[in-house]
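Peer 1: This one is work_17.txt, compact mmCIF, C-alpha atoms.
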# COMPACT_ATOMS: atom_id res chain seq x y z
CA MET P 27 99.15 114.46 45.00
CA ILE P 28 95.57 115.37 44.07
CA ALA P 29 94.88 118.75 45.70
CA ARG P 30 91.74 119.85 43.89
CA LEU P 31 89.01 118.20 41.85
CA ARG P 32 86.58 119.91 39.50
CA GLY P 33 83.92 117.94 37.69
CA LYS P 34 80.36 116.61 37.62
CA VAL P 35 78.82 114.46 40.37
CA ILE P 36 77.69 111.11 38.94
CA GLU P 37 76.91 109.47 42.31
CA ALA P 38 75.98 111.29 45.51
CA TYR P 39 75.81 109.84 49.03
CA PRO P 40 76.04 111.69 52.35
CA ASN P 41 79.55 110.33 53.03
CA ARG P 42 80.98 110.09 49.51
CA LEU P 43 80.70 111.35 45.96
CA VAL P 44 81.83 109.98 42.63
CA VAL P 45 83.02 112.91 40.52
CA ASP P 46 83.49 112.59 36.76
CA VAL P 47 86.53 114.54 35.59
CA HIS P 48 86.97 114.20 31.81
CA GLY P 49 85.63 110.64 31.79
CA VAL P 50 87.42 109.43 34.94
CA GLY P 51 85.25 108.78 38.01
CA TYR P 52 86.97 109.73 41.29
CA GLU P 53 85.52 108.34 44.54
CA VAL P 54 85.79 111.11 47.12
CA PHE P 55 84.96 110.66 50.82
CA ILE P 56 83.38 113.77 52.32
CA PRO P 57 82.08 115.03 55.67
CA LEU P 58 78.36 115.80 56.01
CA SER P 59 79.24 119.50 56.22
CA THR P 60 80.55 119.35 52.63
CA PHE P 61 77.55 117.33 51.43
CA ASP P 62 75.15 119.90 52.97
CA ARG P 63 77.10 122.94 51.79
CA LEU P 64 77.24 121.71 48.19
CA HIS P 65 73.65 120.43 48.17
CA ALA P 66 75.31 117.47 46.45
CA ALA P 67 73.20 115.70 43.85
CA GLU P 68 73.84 113.82 40.64
CA GLY P 69 74.59 116.19 37.76
CA LEU P 70 75.97 118.97 39.99
CA ASP P 71 79.24 120.63 38.99
CA VAL P 72 81.59 120.68 41.99
CA ASP P 73 84.98 122.13 42.86
CA LEU P 74 86.49 120.26 45.82
CA ARG P 75 89.65 120.81 47.84
CA THR P 76 91.10 117.34 48.35
CA HIS P 77 93.61 115.31 50.31
CA LEU P 78 94.90 111.96 49.08
CA HIS P 79 95.59 109.78 52.13
CA PHE P 80 97.82 106.72 52.01
CA SER P 81 97.62 103.92 54.59
CA GLN P 82 98.40 100.22 54.89
CA LEU P 83 94.89 99.51 53.62
CA GLY P 84 95.38 101.52 50.44
CA GLN P 85 94.59 105.09 49.47
CA LYS P 86 91.52 107.25 49.87
CA LEU P 87 90.67 110.63 48.45
CA PHE P 88 88.94 113.04 50.86
CA GLY P 89 87.10 116.10 49.58
CA PHE P 90 85.97 119.37 51.16
CA ALA P 91 83.82 122.30 50.12
CA SER P 92 86.31 124.84 51.53
CA GLU P 93 89.99 125.35 52.34
CA GLU P 94 88.99 125.88 55.97
CA GLU P 95 87.45 122.40 56.22
CA ARG P 96 90.50 120.81 54.62
CA ASP P 97 92.84 122.74 56.96
CA VAL P 98 90.99 121.50 60.06
CA PHE P 99 91.01 117.95 58.65
CA LEU P 100 94.78 118.15 58.10
CA LEU P 101 95.39 119.62 61.55
CA LEU P 102 93.46 116.77 63.13
CA ILE P 103 95.20 113.94 61.27
CA ASP P 104 98.69 115.49 61.35
CA ARG P 105 98.76 117.04 64.82
CA VAL P 106 96.51 115.00 67.11
CA SER P 107 97.79 111.56 68.07
CA GLY P 108 95.25 108.80 67.60
CA VAL P 109 93.07 110.79 65.17
CA GLY P 110 92.91 109.37 61.66
CA PRO P 111 90.99 110.46 58.57
CA THR P 112 87.78 108.64 59.53
CA MET P 113 87.58 110.37 62.91
CA ALA P 114 88.54 113.75 61.39
CA VAL P 115 85.68 113.39 58.88
CA SER P 116 83.39 112.43 61.77
CA VAL P 117 84.37 115.62 63.63
CA LEU P 118 83.63 117.77 60.57
CA SER P 119 80.35 115.89 60.04
CA GLY P 120 79.25 116.56 63.61
CA MET P 121 79.91 120.30 63.80
CA ASP P 122 80.88 123.12 61.50
CA VAL P 123 84.40 124.54 61.47
CA ASN P 124 83.50 127.62 63.53
CA GLN P 125 81.86 125.51 66.26
CA PHE P 126 84.92 123.26 66.32
CA LYS P 127 87.24 126.25 66.70
CA LYS P 128 85.12 127.62 69.55
CA CYS P 129 85.23 124.25 71.35
CA VAL P 130 89.03 124.07 71.08
CA VAL P 131 89.55 127.71 72.13
CA ALA P 132 87.19 127.29 75.10
CA GLY P 133 88.58 123.87 76.01
CA ASP P 134 85.06 122.43 75.66
CA VAL P 135 85.90 118.74 76.04
CA ALA P 136 82.25 117.87 76.75
CA GLY P 137 81.12 119.46 73.47
CA LEU P 138 83.73 117.59 71.44
CA SER P 139 83.13 114.27 73.20
CA ARG P 140 79.46 114.37 72.11
CA LEU P 141 80.59 113.88 68.50
CA LYS P 142 80.11 110.39 67.06
CA GLY P 143 83.26 108.31 67.55
CA VAL P 144 84.99 110.90 69.74
CA GLY P 145 85.24 109.91 73.39
CA LYS P 146 86.34 112.01 76.32
CA LYS P 147 90.01 111.03 76.07
CA THR P 148 90.18 111.84 72.37
CA ALA P 149 88.39 115.16 72.95
CA GLU P 150 90.92 116.02 75.67
CA ARG P 151 93.77 115.14 73.30
CA ILE P 152 92.30 117.33 70.53
CA VAL P 153 92.09 120.35 72.86
CA LEU P 154 95.50 119.77 74.43
CA GLU P 155 97.43 119.07 71.25
CA LEU P 156 95.86 121.79 69.12
CA LYS P 157 95.93 124.38 71.88
CA ASP P 158 99.33 123.77 73.44
CA LYS P 159 101.48 122.14 70.79
CA VAL P 160 100.42 123.96 67.66
CA GLY P 161 99.22 127.40 68.73
CA VAL P 162 96.21 127.19 66.43
CA THR P 163 93.86 128.60 69.03
CA GLU P 164 95.90 131.79 69.30
CA THR P 165 95.33 132.42 65.58
CA TRP P 166 91.61 131.62 65.93
CA GLN P 167 91.27 133.91 68.97
CA ASP P 168 93.12 136.77 67.26
CA ALA P 169 90.97 136.43 64.13
CA ALA P 170 87.78 136.43 66.23
CA ALA P 171 88.97 139.53 68.09
CA GLY P 172 89.86 141.30 64.83
CA GLN P 173 93.57 141.47 65.67
CA VAL P 174 94.44 139.75 62.40
CA SER P 175 92.47 139.78 59.15
CA ALA P 176 90.60 136.68 58.01
CA GLY P 177 93.03 136.31 55.09
CA ALA P 178 96.08 136.54 57.36
CA ALA P 179 94.53 134.03 59.79
CA ASP P 180 93.78 131.61 56.92
CA ALA P 181 97.39 131.96 55.69
CA GLU P 182 98.72 131.30 59.22
CA LEU P 183 96.54 128.21 59.57
CA ALA P 184 97.67 126.90 56.19
CA LEU P 185 101.31 127.29 57.28
CA ILE P 186 100.59 125.63 60.64
CA ALA P 187 98.94 122.74 58.77
CA LEU P 188 102.20 122.43 56.80
CA GLY P 189 104.12 122.00 60.06
CA TYR P 190 105.36 125.51 60.85
CA LYS P 191 105.09 126.97 64.36
CA GLN P 192 102.39 129.59 64.85
CA VAL P 193 104.93 132.25 65.91
CA ASP P 194 107.05 131.70 62.78
CA ALA P 195 103.97 131.59 60.53
CA ARG P 196 102.71 134.91 61.92
CA LYS P 197 106.08 136.63 61.45
CA ALA P 198 106.34 135.42 57.85
CA VAL P 199 102.76 136.50 57.03
CA ARG P 200 103.36 139.93 58.61
CA LYS P 201 106.49 140.34 56.49
CA VAL P 202 104.44 139.77 53.32
CA LEU P 203 101.66 142.09 54.56
CA ASP P 204 104.19 144.85 55.26
CA ALA P 205 105.23 144.72 51.60
CA ASP P 206 101.67 144.33 50.23
CA PRO P 207 98.84 145.07 52.71
CA ALA P 208 96.17 144.02 50.16
CA ALA P 209 97.73 140.62 49.34
CA PRO P 210 95.14 137.83 49.03
CA THR P 211 95.47 134.67 51.11
CA GLU P 212 97.16 132.66 48.34
CA ALA P 213 99.82 135.36 47.89
CA LEU P 214 100.33 135.51 51.66
CA VAL P 215 100.94 131.77 51.84
CA ARG P 216 103.33 131.79 48.87
CA GLY P 217 105.26 134.81 50.14
CA ALA P 218 105.43 133.48 53.69
CA LEU P 219 106.71 130.09 52.45
CA ARG P 220 109.45 131.86 50.52
CA ALA P 221 110.37 133.84 53.65
CA LEU P 222 110.35 130.73 55.85
CA GLN P 223 112.45 128.70 53.43
CA GLY P 224 114.86 131.47 52.52
Represent the structure of the file as structure tokens.

Peer 2:
Amino acid sequence: MIARLRGKVIEAYPNRLVVDVHGVGYEVFIPLSTFDRLHAAEGLDVDLRTHLHFSQLGQKLFGFASEEERDVFLLLIDRVSGVGPTMAVSVLSGMDVNQFKKCVVAGDVAGLSRLKGVGKKTAERIVLELKDKVGVTETWQDAAAGQVSAGAADAELALIALGYKQVDARKAVRKVLDADPAAPTEALVRGALRALQG
């Protein structure tokens, strides 16, 4: 699995980049938010978080400027029925991650349904399945209210994206934080995974 790509942009388009990594050109599909954030242009050095997606039509590599964007992408394609990679990229192209979180937390179906390719039924499914089935909004609300640190919230979301329940993810992250209150996000995720699997 290709999880990260670091190299030089040799072709730049709003929806995709070709990144040269030691002489190999990788075609990476990106949301507009990533294109804008990177100010993508030929010759630019980039460091992308990626997801390699397999389907009946083949495989596609999707790239993101941040872990947060990739986490939302994975939540959408893994947790919301009827949402595939193309629609998930469309969601991230239409609004930034924080706006998306606010829409889900507030149950703003109208706001989500204004996104290109997302109708009212899909918007309702996004809110329902992320809010009720996954518990993502609880983590987002707690982070916004300052009840959990940004690093702890990011670790929880990464664990949720891997398929763990929000309640279990929070307990595991707290266990790591009790042992090391200054642990960075990566250490929280690793420690919590060990706790959840052990």

Peer 1: Kindly provide, as a ChimeraX atom specification, the polymer residues lying within 9 Å of (79.1, 118.0, 59.7), counting all atoms listed in the file and using the coordinates exactly as they appear in the file.

Peer 2: /P:57-62,115-123

Peer 1: Box in all listed atoms of region 177-190 of chain P, axis-aligned, with 8 Å more on each side; write out centre and edge lengths in Å to one decimal as JSON.

Peer 2:
{"center_x": 99.2, "center_y": 129.3, "center_z": 58.0, "size_x": 28.3, "size_y": 30.5, "size_z": 21.8}

Peer 1: Give me the residues near Gly137 (chain P) as a PyMOL selection string, where near means some atom within 12 Å (using all atoms listed in the file) and where sequence neighbours in that chain fewer than 3 positions away do not count.

Peer 2: chain P and resi 117+120-121+125-134+140-142+144-146+148-150+152-153

Peer 1: For C-alpha atoms, I'd like the residues from the last selection saved as a short mmCIF file (atom, residue, chain, number, x, y, z; two decimals), keeping the file's coordinate frame.

Peer 2:
data_model
loop_
_atom_site.label_atom_id
_atom_site.label_comp_id
_atom_site.auth_asym_id
_atom_site.auth_seq_id
_atom_site.Cartn_x
_atom_site.Cartn_y
_atom_site.Cartn_z
CA VAL P 117 84.37 115.62 63.63
CA GLY P 120 79.25 116.56 63.61
CA MET P 121 79.91 120.30 63.80
CA GLN P 125 81.86 125.51 66.26
CA PHE P 126 84.92 123.26 66.32
CA LYS P 127 87.24 126.25 66.70
CA LYS P 128 85.12 127.62 69.55
CA CYS P 129 85.23 124.25 71.35
CA VAL P 130 89.03 124.07 71.08
CA VAL P 131 89.55 127.71 72.13
CA ALA P 132 87.19 127.29 75.10
CA GLY P 133 88.58 123.87 76.01
CA ASP P 134 85.06 122.43 75.66
CA ARG P 140 79.46 114.37 72.11
CA LEU P 141 80.59 113.88 68.50
CA LYS P 142 80.11 110.39 67.06
CA VAL P 144 84.99 110.90 69.74
CA GLY P 145 85.24 109.91 73.39
CA LYS P 146 86.34 112.01 76.32
CA THR P 148 90.18 111.84 72.37
CA ALA P 149 88.39 115.16 72.95
CA GLU P 150 90.92 116.02 75.67
CA ILE P 152 92.30 117.33 70.53
CA VAL P 153 92.09 120.35 72.86
#

Peer 1: Which is closer to His79 (chain P) than all the others in P:Leu64, P:Val193, P:Ile103, P:Glu94, using only C-alpha atoms?

Peer 2: P:Ile103

Peer 1: Which polymer residues, protein or nucleic acid, are no farther than 12 Å from (97.0, 130.9, 59.2), counting all atoms listed in the file, as a count of residues only?

Peer 2: 48

Peer 1: For CA of Val45 (chain P) and CA of Gln82 (chain P), quote the distance in Å rounded to one decimal.

Peer 2: 24.6 Å

Peer 1: Using CA of Val54 (chain P) and CA of Ser107 (chain P) as the two end points, give the distance in Å to one decimal.

Peer 2: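 Interatomic distance, CA of Val54 (chain P) to CA of Ser107 (chain P): 24.1 Å.
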
Peer 1: To one decimal place in Å, what is the distance between CA of Tyr39 (chain P) and CA of Phe88 (chain P)?

Peer 2: 13.6 Å

Peer 1: Quick one: everything within 12 Å of Met27 (chain P), counting all atoms listed in the file, minus sequence neighbours fewer than 6 positions away in the same chain. Send it as a VMD selection string.

Peer 2: chain P and resid 75 to 80 85 to 88

Peer 1: Using all atoms listed in the file, which of P:Asp104, P:Asp204, P:Asp71, P:Glu95 sits nearest Leu43 (chain P)?

Peer 2: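 Among the listed residues, P:Asp71 lies closest to Leu43 (chain P).
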
Peer 1: Please return region 77-110 of chain P, rebuilt to N, CA and C atoms, as a PDB file, in the frame of the given file.

Peer 2:
ATOM      1  N   HIS P  77      92.398 115.864  49.691  1.00  0.00           N
ATOM      2  CA  HIS P  77      93.610 115.310  50.310  1.00  0.00           C
ATOM      3  C   HIS P  77      93.632 113.828  50.000  1.00  0.00           C
ATOM      4  N   LEU P  78      94.726 113.365  49.391  1.00  0.00           N
ATOM      5  CA  LEU P  78      94.900 111.960  49.080  1.00  0.00           C
ATOM      6  C   LEU P  78      95.662 111.323  50.239  1.00  0.00           C
ATOM      7  N   HIS P  79      94.993 110.385  50.938  1.00  0.00           N
ATOM      8  CA  HIS P  79      95.590 109.780  52.130  1.00  0.00           C
ATOM      9  C   HIS P  79      96.023 108.348  51.838  1.00  0.00           C
ATOM     10  N   PHE P  80      97.276 108.053  52.193  1.00  0.00           N
ATOM     11  CA  PHE P  80      97.820 106.720  52.010  1.00  0.00           C
ATOM     12  C   PHE P  80      97.889 106.008  53.356  1.00  0.00           C
ATOM     13  N   SER P  81      97.507 104.730  53.387  1.00  0.00           N
ATOM     14  CA  SER P  81      97.620 103.920  54.590  1.00  0.00           C
ATOM     15  C   SER P  81      97.949 102.492  54.186  1.00  0.00           C
ATOM     16  N   GLN P  82      98.099 101.623  55.183  1.00  0.00           N
ATOM     17  CA  GLN P  82      98.400 100.220  54.890  1.00  0.00           C
ATOM     18  C   GLN P  82      97.261  99.549  54.123  1.00  0.00           C
ATOM     19  N   LEU P  83      96.058 100.085  54.285  1.00  0.00           N
ATOM     20  CA  LEU P  83      94.890  99.510  53.620  1.00  0.00           C
ATOM     21  C   LEU P  83      94.701 100.010  52.194  1.00  0.00           C
ATOM     22  N   GLY P  84      95.515 100.973  51.785  1.00  0.00           N
ATOM     23  CA  GLY P  84      95.380 101.520  50.440  1.00  0.00           C
ATOM     24  C   GLY P  84      95.380 103.035  50.460  1.00  0.00           C
ATOM     25  N   GLN P  85      94.669 103.625  49.529  1.00  0.00           N
ATOM     26  CA  GLN P  85      94.590 105.090  49.470  1.00  0.00           C
ATOM     27  C   GLN P  85      93.142 105.529  49.332  1.00  0.00           C
ATOM     28  N   LYS P  86      92.863 106.682  49.933  1.00  0.00           N
ATOM     29  CA  LYS P  86      91.520 107.250  49.870  1.00  0.00           C
ATOM     30  C   LYS P  86      91.644 108.738  49.579  1.00  0.00           C
ATOM     31  N   LEU P  87      90.708 109.221  48.784  1.00  0.00           N
ATOM     32  CA  LEU P  87      90.670 110.630  48.450  1.00  0.00           C
ATOM     33  C   LEU P  87      89.559 111.279  49.270  1.00  0.00           C
ATOM     34  N   PHE P  88      89.914 112.310  50.040  1.00  0.00           N
ATOM     35  CA  PHE P  88      88.940 113.040  50.860  1.00  0.00           C
ATOM     36  C   PHE P  88      88.700 114.405  50.240  1.00  0.00           C
ATOM     37  N   GLY P  89      87.447 114.831  50.217  1.00  0.00           N
ATOM     38  CA  GLY P  89      87.100 116.100  49.580  1.00  0.00           C
ATOM     39  C   GLY P  89      86.371 117.033  50.528  1.00  0.00           C
ATOM     40  N   PHE P  90      86.539 118.338  50.291  1.00  0.00           N
ATOM     41  CA  PHE P  90      85.970 119.370  51.160  1.00  0.00           C
ATOM     42  C   PHE P  90      85.476 120.546  50.336  1.00  0.00           C
ATOM     43  N   ALA P  91      84.413 121.167  50.832  1.00  0.00           N
ATOM     44  CA  ALA P  91      83.820 122.300  50.120  1.00  0.00           C
ATOM     45  C   ALA P  91      84.666 123.564  50.269  1.00  0.00           C
ATOM     46  N   SER P  92      85.531 123.618  51.305  1.00  0.00           N
ATOM     47  CA  SER P  92      86.310 124.840  51.530  1.00  0.00           C
ATOM     48  C   SER P  92      87.721 124.507  52.006  1.00  0.00           C
ATOM     49  N   GLU P  93      88.617 125.476  51.839  1.00  0.00           N
ATOM     50  CA  GLU P  93      89.990 125.350  52.340  1.00  0.00           C
ATOM     51  C   GLU P  93      89.975 125.171  53.855  1.00  0.00           C
ATOM     52  N   GLU P  94      89.066 125.895  54.511  1.00  0.00           N
ATOM     53  CA  GLU P  94      88.990 125.880  55.970  1.00  0.00           C
ATOM     54  C   GLU P  94      88.696 124.469  56.488  1.00  0.00           C
ATOM     55  N   GLU P  95      87.755 123.779  55.829  1.00  0.00           N
ATOM     56  CA  GLU P  95      87.450 122.400  56.220  1.00  0.00           C
ATOM     57  C   GLU P  95      88.659 121.501  56.022  1.00  0.00           C
ATOM     58  N   ARG P  96      89.322 121.649  54.881  1.00  0.00           N
ATOM     59  CA  ARG P  96      90.500 120.810  54.620  1.00  0.00           C
ATOM     60  C   ARG P  96      91.607 121.107  55.630  1.00  0.00           C
ATOM     61  N   ASP P  97      91.796 122.386  55.993  1.00  0.00           N
ATOM     62  CA  ASP P  97      92.840 122.740  56.960  1.00  0.00           C
ATOM     63  C   ASP P  97      92.581 122.098  58.318  1.00  0.00           C
ATOM     64  N   VAL P  98      91.318 122.126  58.773  1.00  0.00           N
ATOM     65  CA  VAL P  98      90.990 121.500  60.060  1.00  0.00           C
ATOM     66  C   VAL P  98      91.203 119.992  59.969  1.00  0.00           C
ATOM     67  N   PHE P  99      90.789 119.383  58.873  1.00  0.00           N
ATOM     68  CA  PHE P  99      91.010 117.950  58.650  1.00  0.00           C
ATOM     69  C   PHE P  99      92.500 117.618  58.761  1.00  0.00           C
ATOM     70  N   LEU P 100      93.342 118.393  58.077  1.00  0.00           N
ATOM     71  CA  LEU P 100      94.780 118.150  58.100  1.00  0.00           C
ATOM     72  C   LEU P 100      95.381 118.365  59.480  1.00  0.00           C
ATOM     73  N   LEU P 101      94.916 119.393  60.185  1.00  0.00           N
ATOM     74  CA  LEU P 101      95.390 119.620  61.550  1.00  0.00           C
ATOM     75  C   LEU P 101      95.073 118.420  62.438  1.00  0.00           C
ATOM     76  N   LEU P 102      93.866 117.906  62.305  1.00  0.00           N
ATOM     77  CA  LEU P 102      93.460 116.770  63.130  1.00  0.00           C
ATOM     78  C   LEU P 102      94.300 115.525  62.841  1.00  0.00           C
ATOM     79  N   ILE P 103      94.475 115.191  61.567  1.00  0.00           N
ATOM     80  CA  ILE P 103      95.200 113.940  61.270  1.00  0.00           C
ATOM     81  C   ILE P 103      96.708 114.083  61.437  1.00  0.00           C
ATOM     82  N   ASP P 104      97.235 115.301  61.257  1.00  0.00           N
ATOM     83  CA  ASP P 104      98.690 115.490  61.350  1.00  0.00           C
ATOM     84  C   ASP P 104      99.163 115.837  62.757  1.00  0.00           C
ATOM     85  N   ARG P 105      98.308 116.475  63.546  1.00  0.00           N
ATOM     86  CA  ARG P 105      98.760 117.040  64.820  1.00  0.00           C
ATOM     87  C   ARG P 105      98.182 116.396  66.066  1.00  0.00           C
ATOM     88  N   VAL P 106      97.136 115.603  65.921  1.00  0.00           N
ATOM     89  CA  VAL P 106      96.510 115.000  67.110  1.00  0.00           C
ATOM     90  C   VAL P 106      96.744 113.500  67.069  1.00  0.00           C
ATOM     91  N   SER P 107      97.490 112.994  68.049  1.00  0.00           N
ATOM     92  CA  SER P 107      97.790 111.560  68.070  1.00  0.00           C
ATOM     93  C   SER P 107      96.505 110.757  68.247  1.00  0.00           C
ATOM     94  N   GLY P 108      96.412 109.676  67.495  1.00  0.00           N
ATOM     95  CA  GLY P 108      95.250 108.800  67.600  1.00  0.00           C
ATOM     96  C   GLY P 108      94.057 109.232  66.761  1.00  0.00           C
ATOM     97  N   VAL P 109      94.178 110.343  66.028  1.00  0.00           N
ATOM     98  CA  VAL P 109      93.070 110.790  65.170  1.00  0.00           C
ATOM     99  C   VAL P 109      93.465 110.533  63.711  1.00  0.00           C
ATOM    100  N   GLY P 110      92.684 109.674  63.066  1.00  0.00           N
ATOM    101  CA  GLY P 110      92.910 109.370  61.660  1.00  0.00           C
ATOM    102  C   GLY P 110      91.871 110.048  60.789  1.00  0.00           C
TER     103      GLY P 110
END
